[in-house]
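One structure below.
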Amino acid sequence: MDFNDYQAAALRTASAESLASPHASLTMAALGLCGEAGEFAEQIKKHLFHGHPLDQEKAVKEVGDVLWYVAFACEALGVSLGDIAERNIAKLRTRYPEKFEARLSLEKNERHE
């Protein structure tokens with residue numbers, strides 16, 4: 001499945017309330033992303049610091065929920081998930097032409113301070 005097909009399929013399940021206005025859609029997207037990212041982080045925290053076995057299936061489901069809200073955010077912003085993916089890769093290629101290098105990351109931080 002490609003990103004744009006996913007976005008269309010995922011948005012079938014958006015609630016009417018979340019689609020009521022651009023304000024509602026952006027708010028739902030932002031809050032949903034934070035909530036689902038937090039649930040994923042909670043799984044990892046419990047595994048790393050509380051001695052729980054990693055529940056990989058639960059972690060994978062939480063990442064899927066994050067992806068749903070990313071697709072919803074794209075819709076709220078009027079852009080396709082595929083376009084966001086392409087833009088992000090272009091940005092990363094500019095920032096790290098060959099591969100990630102800490103030196104390049106540090107230089108980027110110094111330029112933006």
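Identifiers for the structure tokens are assigned positionally: chains receive A, B, ... in sequence, residues are indexed from 1 per chain, and ligands are indexed from 1 in the order shown.
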### Task
Write out as number ranges by chain all residues of range 3-88 of chain A that backbone DSSP assigns to helix (DSSP H, G or I).
A: 3-11, 17-19, 22-49, 56-77, 81-88
### Task
Pick out the residues sitting within 12 Å of range 31-46 of chain A, and hand them over as a list of chain:residue names; count only C-alpha atoms, and ignore anything fewer than 5 positions along from it in its own chain.
A:Ala14, A:Ser18, A:Ala24, A:Ser25, A:Leu26, A:Gly51, A:His52, A:Pro53, A:Leu54, A:Asp55, A:Gln56, A:Glu57, A:Lys58, A:Ala59, A:Val60, A:Lys61, A:Glu62, A:Val63, A:Gly64, A:Asp65, A:Val66, A:Leu67, A:Trp68, A:Tyr69, A:Val70, A:Ala71, A:Phe72, A:Ala73, A:Cys74
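Closest to Ala8 in chain A among A:Met28, A:Leu81, A:Leu48, A:Leu104 is A:Leu81, based on only C-alpha atoms.
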### Task
Write out as a VMD selection string each polymer residue whose atoms come within 12 Å of Asp5 in chain A, counting only C-alpha atoms; drop sequence neighbours fewer than 3 positions from it.
chain A and resid 1 to 2 8 to 12 71 80 to 82
Written file, previous selection with C-alpha atoms, as an mmCIF file, in the first residue's frame:
```
data_model
loop_
_atom_site.group_PDB
_atom_site.id
_atom_site.type_symbol
_atom_site.label_atom_id
_atom_site.label_comp_id
_atom_site.auth_asym_id
_atom_site.auth_seq_id
_atom_site.Cartn_x
_atom_site.Cartn_y
_atom_site.Cartn_z
ATOM 1 C CA MET A 1 0.000 0.000 0.000
ATOM 2 C CA ASP A 2 1.366 3.417 -0.845
ATOM 3 C CA ALA A 8 -7.606 7.718 1.733
ATOM 4 C CA ALA A 9 -8.372 4.427 3.499
ATOM 5 C CA ALA A 10 -7.551 5.789 6.958
ATOM 6 C CA LEU A 11 -9.626 8.934 6.576
ATOM 7 C CA ARG A 12 -12.744 6.827 6.031
ATOM 8 C CA ALA A 71 -2.453 10.976 7.673
ATOM 9 C CA SER A 80 -0.922 14.224 0.738
ATOM 10 C CA LEU A 81 1.012 11.853 2.948
ATOM 11 C CA GLY A 82 3.039 10.911 -0.136
#
```
